[in-house]
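K.L.:
Have a look at the structure that comes next, please.
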Amino acid sequence: MSVKFRSNVNKLIGATLLAAIVLLPVVPRAVGSTADVIDPVLAVFDELVSPAASGDANRAQKEIVTEVVDKVRDQYVEITPDVNLKTNAIRGMRESGIGSGTGDPAKLAEAALAAMLTSLDPHSSYLNAEKFQEMQIGTRGSFGGLGIQVSMENGLVKVISPIDDTPAFHAGVRAGDLVTHIDGTSVLGLTLAEAVSKMRGLVDTRIILTIRRDDQPSFDIPIIRATIKIQAVRSRLEGDIGYLRISAFSGTAAPDMKKAIASFWANRGNSLKGIVLDLRNNPGGLLSQAVAVAGSFLEQGTVVSTKGRVNSGDRSFAADHGDLAEGLPIVVMVNGGSASASEIVAGALQDYRRATVFGTKSFGKGSVQTIFPIKAGGALRLTTALYHTPLGRSIQAMGISPDVVVEQATEGKTTRQQKREEDLKGALPSTGRNIAVGGVKVNVDTCPPAGGKKDRQLDCALAFLGSGGLNAFLSALNEPNVSAPSLQQAVLSGASKFPTEPVPVTFRQVRTNPDDIAVIIGNANYGRFGNDIPNVTPAYADAESIKRYATQALGIKEGNIIHLKDATGSQMDRVFGTKDDHKGQVFDWTRPGQSRVFVYYAGHGAPSARDGSAYLVPSDADGARIHLNGYPLSTLYRNLSRVPAKSITVVLEACFSGNSESGSLISNASPVFKTKKAVAPANITVIAAGGANQIASWEKDKSHGLFTKYFLKGMSGEADVSPYGNGDGTVAYAELGAYLENTLTYYARRHYGRDQTVQITVGKNQ
């Protein structure tokens with residue numbers, strides 16, 4: 001990977017040595033002028049510089065100092081008082097040990113800028129030409145060295161993480177280790193770039209790092225340098241679960257990951273149960289790769305946004321790849337060594353409830369560093385913005401908290417908690433919303449072993465994916481002597497609580513029309529992803545009943561029926577299309593002017609807590625984030641209206657109040673919460689179980705939804721006889737409405753004391 005520079009706008013988002021290109025907005029200047037800072041600084045420079053230095057050298061270094069000060073005042077993430085910049089620059093020169101009239105111009109400039117920039121935050125710094133070249137070497141993906149990502153902490157070199165399969169990794173260097181000496185020489189007083197330079201050297205040469213780890217006495221680790229070629233992605237199959245390890249977000253991370261996912265499908269096909277995305281000890285990398293990786297598991301939506309000094313400078317980066325996992329459950333693994341780009345991916349997939357995050361709290365580096373090349377071949381690395389997740393959560397100093405907290409096994413050893421971004425001197429505070437993620441804690445020793453890798457956290461992740469959902473996973477772990485078979489039993493027992501027997505009605509078999517298609521969705525098991533949404537017990541049975549109706553009464557071939565149980569958001573996007581692309585499977589399957597399209601949905605409906613817009617609720621949704629991970633009813637109607645079908649009918653066993661027979665979906669669902677009604681296009685017939693603010697009632701034994709039961713009984717012929725119909729052998733919509741008023745509405749009032757009134761809107765082509 002090579003570093004490219006254009007218009008002085010290269011963005012760093014990983015551990016200090018990885019870069020990518022963005023365009024920066026124009027931000028307001030600080031009050032005052034650059035001269036307020038630079039004049040006193042240059043006065044001290046003139047006092048300390050050697051008279052023997054040439055005028056050209058003095059002038060060049062003064063121009064560098066002026067340029068850097070100007071950039072800081074214009075572009076730093078927050079306005080910094082001029083007095084702080086001036087004071088720290090002067091302090092740097094005074095404390096450099098350079099006496100009056102003896103200083104080298106370049107060393108004076110570097111001392112001033114180093115002190116000024118490091119006073120801002122732990123990640124801003126000045127790079128002279130030599131250090132800048134070292135940084136560029138670190139971004140190329142191949143160099144001679146040890147294979148560790150590092151930063152500075154209290155004058156020592158801190159290991160953020162060792163890179164997989166490198167000399168440091170094999171020698172036993174760990175995330176959180178502090179390097180105190182390099183070949184017996186203390187690192188105190190060295191800059192990060194100087195320390196990195198000392199650790200690099202000729203291939204096959206020996207180096208000794210003195211390590212301070214937790215409360216242990218310092219010890220030496222000898223390492224043989226090698227050519228470091230970073231293999232960003234490693235993959236394998238663990239049974240029917242795909243395992244992806246991304247060690248750094250280098251330029252090939254997303255393409256390599258996509259190839260690995262394709263190989264999973266090629267090897268396992270429909271037997272593939274889920275994917276583990278392991279981002280532990282991944283210190284970050286390229287923003288473009290982070291967005292591409294997260295986007296590979298999302299159909300649409302913002303992955304991350306940056307927030308600078310003013311709102312007009314905010315930017316967002318969207319997913320545009322589509323879900324390569326096709327709705328399969330995903331576990332993202334993080335720990336204290338997961339930083340920046342890793343946190344962007346984990347935060348986005350967590351916000352959309354597309355993945356369950358496992359492990360321990362991440363590092364918390366949510367700041368954006370931009371590289372500005374300056375005169376004489378050097379560069380300024382400056383924090384210019386902060387990252388936020390799709391829900392507006394700040395990553396900076398807060399990190400990503402896992403949904404399931406799983407500490408790595410320590411084999412009886414006690415370790416000091418690893419320091420995080422918030423512990424670093426001068427770390428920027430969080431500026432965004434702190435939306436709590438209520439994680440559950442799991443004892444890693446209770447998870448069944450999986451393979452011989454001795455990775456107990458991974459064992460837990462694999463057990464979770466094999467269990468079918470969080471509730472089944474936790475239930476299994478509470479059993480004594482838990483093992484893989486008991487996890488399977490938990491899945492089976494969880495599935496058995498949902499009835500599947502169809503409504504006992506029969507229909508007159510009609511001739512099959514090979515062009516007609518149906519989509520039948522039964523979302524019953526909302527607990528499978530561990531979200532706090534009540535189940536819809538009769539949804540499977542209702543969907544089976546409608547499937548019989550579709551094949552018998554409508555003449556739709558079974559091969560033309562898309563039947564989904566517990567459809568995820570990604571699956572609904574794939575079937576119906578997204579807000580940006582209406583061409584889903586329904587569109588692709590439709591023969592223009594010939595096909596009749598029938599859509600049935602049994603499951604939750606809910607309003608957005610933001611504006612009351614109606615949403616269908618996928619099985620992997622979160623009631624608190626319906627506006628992010630629900631499927632908008634307006635999108636369903638709009639996309640279906642663009643399908644070139646002969647006729648389109650939508651039947652909804654759902655209401656949209658946010659309340660249900662089994663409980664509330666959202667915290668503000670109440671009788672006074674009003675849901676916006678989604679207006680069906682003129683070419684679609686919609687038959688809905690009730691009004692937007694009503695509740696869809698079930699049979700007392702939870703065997704069926706009242707609406708579906710009486711809809712089917714009515715369509716079987718009961719609505720065609722007196723007093724509802726004229727007995728002509730067909731059921732008109734007016735007849736169906738009268739029948740449901742006398743059955744569905746009556747029984748809802750009688751048994752539950754509430755209104756449930758069917759809503760029928762007839763399309764122009766029906």
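Residues in the structure tokens are numbered from 1 in each chain, the chains being A, B, ... in the order shown, and ligands are numbered from 1 in the order shown.
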Run DSSP on the backbone and give me the residues of segment 102-311 of chain A it puts in alpha helix (DSSP H), as a PyMOL selection string.
P.N.:
chain A and resi 105-118+129-138+167-171+192-199+253-268+287-295
K.L.:
Could you pull out all residues of segment 518-743 of chain A with a DSSP call of strand (DSSP E or B) and give them as JSON, numbers by chain?
P.N.:
{"A": [518, 519, 520, 521, 522, 561, 562, 563, 564, 565, 596, 597, 598, 599, 600, 601, 602, 605, 606, 607, 614, 615, 616, 631, 632, 647, 648, 649, 650, 651, 652, 653, 659, 660, 663, 664, 685, 686, 687, 688, 698, 705]}
K.L.:
Since we have the selection now, will you write its residues out, keeping N, CA and C atoms, as a short mmCIF file (atom, residue, chain, number, x, y, z; two decimals), in the first residue's frame?
P.N.:
```cif
data_model
loop_
_atom_site.label_atom_id
_atom_site.label_comp_id
_atom_site.auth_asym_id
_atom_site.auth_seq_id
_atom_site.Cartn_x
_atom_site.Cartn_y
_atom_site.Cartn_z
N ALA A 518 -45.63 -14.95 -4.96
CA ALA A 518 -46.04 -14.56 -3.62
C ALA A 518 -44.83 -14.42 -2.72
N VAL A 519 -44.93 -13.50 -1.77
CA VAL A 519 -43.95 -13.37 -0.69
C VAL A 519 -44.72 -13.56 0.61
N ILE A 520 -44.31 -14.53 1.42
CA ILE A 520 -44.99 -14.83 2.68
C ILE A 520 -43.95 -14.79 3.79
N ILE A 521 -44.16 -13.90 4.74
CA ILE A 521 -43.21 -13.69 5.83
C ILE A 521 -43.90 -13.95 7.15
N GLY A 522 -43.30 -14.82 7.98
CA GLY A 522 -43.79 -15.05 9.33
C GLY A 522 -42.69 -14.77 10.33
N ILE A 561 -43.08 -19.03 -4.64
CA ILE A 561 -43.36 -18.43 -3.34
C ILE A 561 -42.04 -18.20 -2.59
N ILE A 562 -41.79 -16.99 -2.20
CA ILE A 562 -40.67 -16.65 -1.32
C ILE A 562 -41.20 -16.70 0.10
N HIS A 563 -40.86 -17.74 0.83
CA HIS A 563 -41.39 -17.95 2.19
C HIS A 563 -40.26 -17.75 3.19
N LEU A 564 -40.37 -16.73 4.01
CA LEU A 564 -39.32 -16.39 4.97
C LEU A 564 -39.84 -16.52 6.39
N LYS A 565 -39.08 -17.24 7.21
CA LYS A 565 -39.34 -17.27 8.65
C LYS A 565 -38.34 -16.35 9.33
N ARG A 596 -49.40 -11.67 -11.26
CA ARG A 596 -50.10 -11.12 -10.10
C ARG A 596 -49.19 -11.33 -8.89
N VAL A 597 -49.03 -10.30 -8.07
CA VAL A 597 -48.13 -10.36 -6.92
C VAL A 597 -48.96 -10.32 -5.64
N PHE A 598 -48.70 -11.28 -4.76
CA PHE A 598 -49.38 -11.36 -3.47
C PHE A 598 -48.33 -11.32 -2.36
N VAL A 599 -48.48 -10.41 -1.40
CA VAL A 599 -47.53 -10.25 -0.30
C VAL A 599 -48.27 -10.39 1.02
N TYR A 600 -47.75 -11.23 1.90
CA TYR A 600 -48.33 -11.39 3.24
C TYR A 600 -47.23 -11.23 4.28
N TYR A 601 -47.53 -10.49 5.33
CA TYR A 601 -46.58 -10.29 6.42
C TYR A 601 -47.29 -10.50 7.75
N ALA A 602 -46.74 -11.40 8.57
CA ALA A 602 -47.19 -11.58 9.95
C ALA A 602 -46.01 -11.31 10.86
N GLY A 605 -45.46 -4.62 13.73
CA GLY A 605 -45.35 -3.32 13.09
C GLY A 605 -45.12 -2.32 14.20
N ALA A 606 -44.46 -1.22 13.89
CA ALA A 606 -44.16 -0.25 14.94
C ALA A 606 -43.92 1.12 14.33
N PRO A 607 -44.13 2.16 15.12
CA PRO A 607 -43.80 3.51 14.66
C PRO A 607 -42.37 3.88 15.02
N ALA A 614 -44.56 4.52 10.04
CA ALA A 614 -44.82 3.10 10.25
C ALA A 614 -43.71 2.24 9.65
N TYR A 615 -43.33 1.20 10.38
CA TYR A 615 -42.29 0.27 9.94
C TYR A 615 -42.74 -1.17 10.16
N LEU A 616 -42.38 -2.06 9.24
CA LEU A 616 -42.38 -3.48 9.52
C LEU A 616 -41.13 -3.77 10.35
N TYR A 631 -38.10 -1.81 8.56
CA TYR A 631 -38.33 -1.68 7.11
C TYR A 631 -39.52 -0.75 6.92
N PRO A 632 -39.31 0.47 6.36
CA PRO A 632 -40.39 1.46 6.27
C PRO A 632 -41.56 0.94 5.43
N SER A 647 -51.44 -7.13 -11.11
CA SER A 647 -52.10 -6.68 -9.89
C SER A 647 -51.18 -6.96 -8.71
N ILE A 648 -51.35 -6.19 -7.64
CA ILE A 648 -50.53 -6.34 -6.43
C ILE A 648 -51.44 -6.27 -5.22
N THR A 649 -51.36 -7.28 -4.35
CA THR A 649 -52.15 -7.31 -3.13
C THR A 649 -51.23 -7.50 -1.93
N VAL A 650 -51.40 -6.68 -0.91
CA VAL A 650 -50.60 -6.77 0.31
C VAL A 650 -51.54 -7.04 1.48
N VAL A 651 -51.27 -8.10 2.24
CA VAL A 651 -52.07 -8.46 3.41
C VAL A 651 -51.16 -8.37 4.64
N LEU A 652 -51.54 -7.58 5.61
CA LEU A 652 -50.69 -7.31 6.78
C LEU A 652 -51.35 -7.81 8.05
N GLU A 653 -50.81 -8.85 8.65
CA GLU A 653 -51.21 -9.29 10.00
C GLU A 653 -50.35 -8.52 10.98
N ASN A 659 -47.45 -1.24 20.29
CA ASN A 659 -47.91 -2.22 21.27
C ASN A 659 -48.34 -3.48 20.55
N SER A 660 -48.28 -4.60 21.25
CA SER A 660 -48.68 -5.86 20.64
C SER A 660 -49.34 -6.74 21.69
N GLY A 663 -46.78 -7.53 24.30
CA GLY A 663 -46.07 -6.48 25.02
C GLY A 663 -45.67 -5.33 24.10
N SER A 664 -44.99 -4.33 24.69
CA SER A 664 -44.59 -3.14 23.95
C SER A 664 -43.26 -3.35 23.24
N THR A 685 -53.60 -3.00 -3.73
CA THR A 685 -54.65 -3.29 -2.75
C THR A 685 -54.00 -3.70 -1.45
N VAL A 686 -54.39 -3.05 -0.35
CA VAL A 686 -53.85 -3.34 0.97
C VAL A 686 -54.97 -3.76 1.90
N ILE A 687 -54.78 -4.92 2.54
CA ILE A 687 -55.73 -5.41 3.55
C ILE A 687 -54.94 -5.54 4.84
N ALA A 688 -55.21 -4.67 5.79
CA ALA A 688 -54.45 -4.64 7.03
C ALA A 688 -55.31 -5.08 8.21
N TRP A 698 -54.81 -11.92 19.02
CA TRP A 698 -54.60 -13.33 18.72
C TRP A 698 -55.74 -14.15 19.31
N GLY A 705 -53.43 -15.48 14.62
CA GLY A 705 -53.92 -14.12 14.72
C GLY A 705 -55.39 -14.10 14.34
#
```
K.L.:
Kindly indicate which residue among A:Asp701, A:Glu326, A:Glu718, A:Asp104 lies nearest to Gly274 of chain A, using only C-alpha atoms for the distances.
P.N.:
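Between A:Asp701, A:Glu326, A:Glu718, A:Asp104, the residue approaching Gly274 of chain A most closely is A:Glu326.
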K.L.:
Kindly indicate which residue among A:Ser338, A:Thr578, A:Gln75, A:Thr185 lies nearest to Asp320 of chain A, using only C-alpha atoms for the distances.
P.N.:
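Among the listed residues, A:Thr578 lies closest to Asp320 of chain A.
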K.L.:
Find the residue from A:Ser613, A:Ser151, A:Ser247, A:Thr708 that sits nearest to Val503 of chain A; use only C-alpha atoms when measuring.
P.N.:
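Comparing A:Ser613, A:Ser151, A:Ser247, A:Thr708 against Val503 of chain A, the winner is A:Thr708.
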K.L.:
Extract, using only C-alpha atoms, all DNA, RNA and protein residues at most 8 Å from segment 277-291 of chain A, discarding same-chain residues fewer than 2 positions from it, and format them as JSON, numbers by chain.
P.N.:
{"A": [12, 13, 14, 15, 18, 19, 20, 149, 160, 161, 162, 175, 243, 244, 245, 246, 247, 248, 249, 250, 251, 252, 253, 254, 275, 293, 294, 295, 303, 304, 317, 318, 319, 330, 331, 332, 333, 334, 335, 336, 337, 338, 339, 340, 341, 342, 344, 345]}
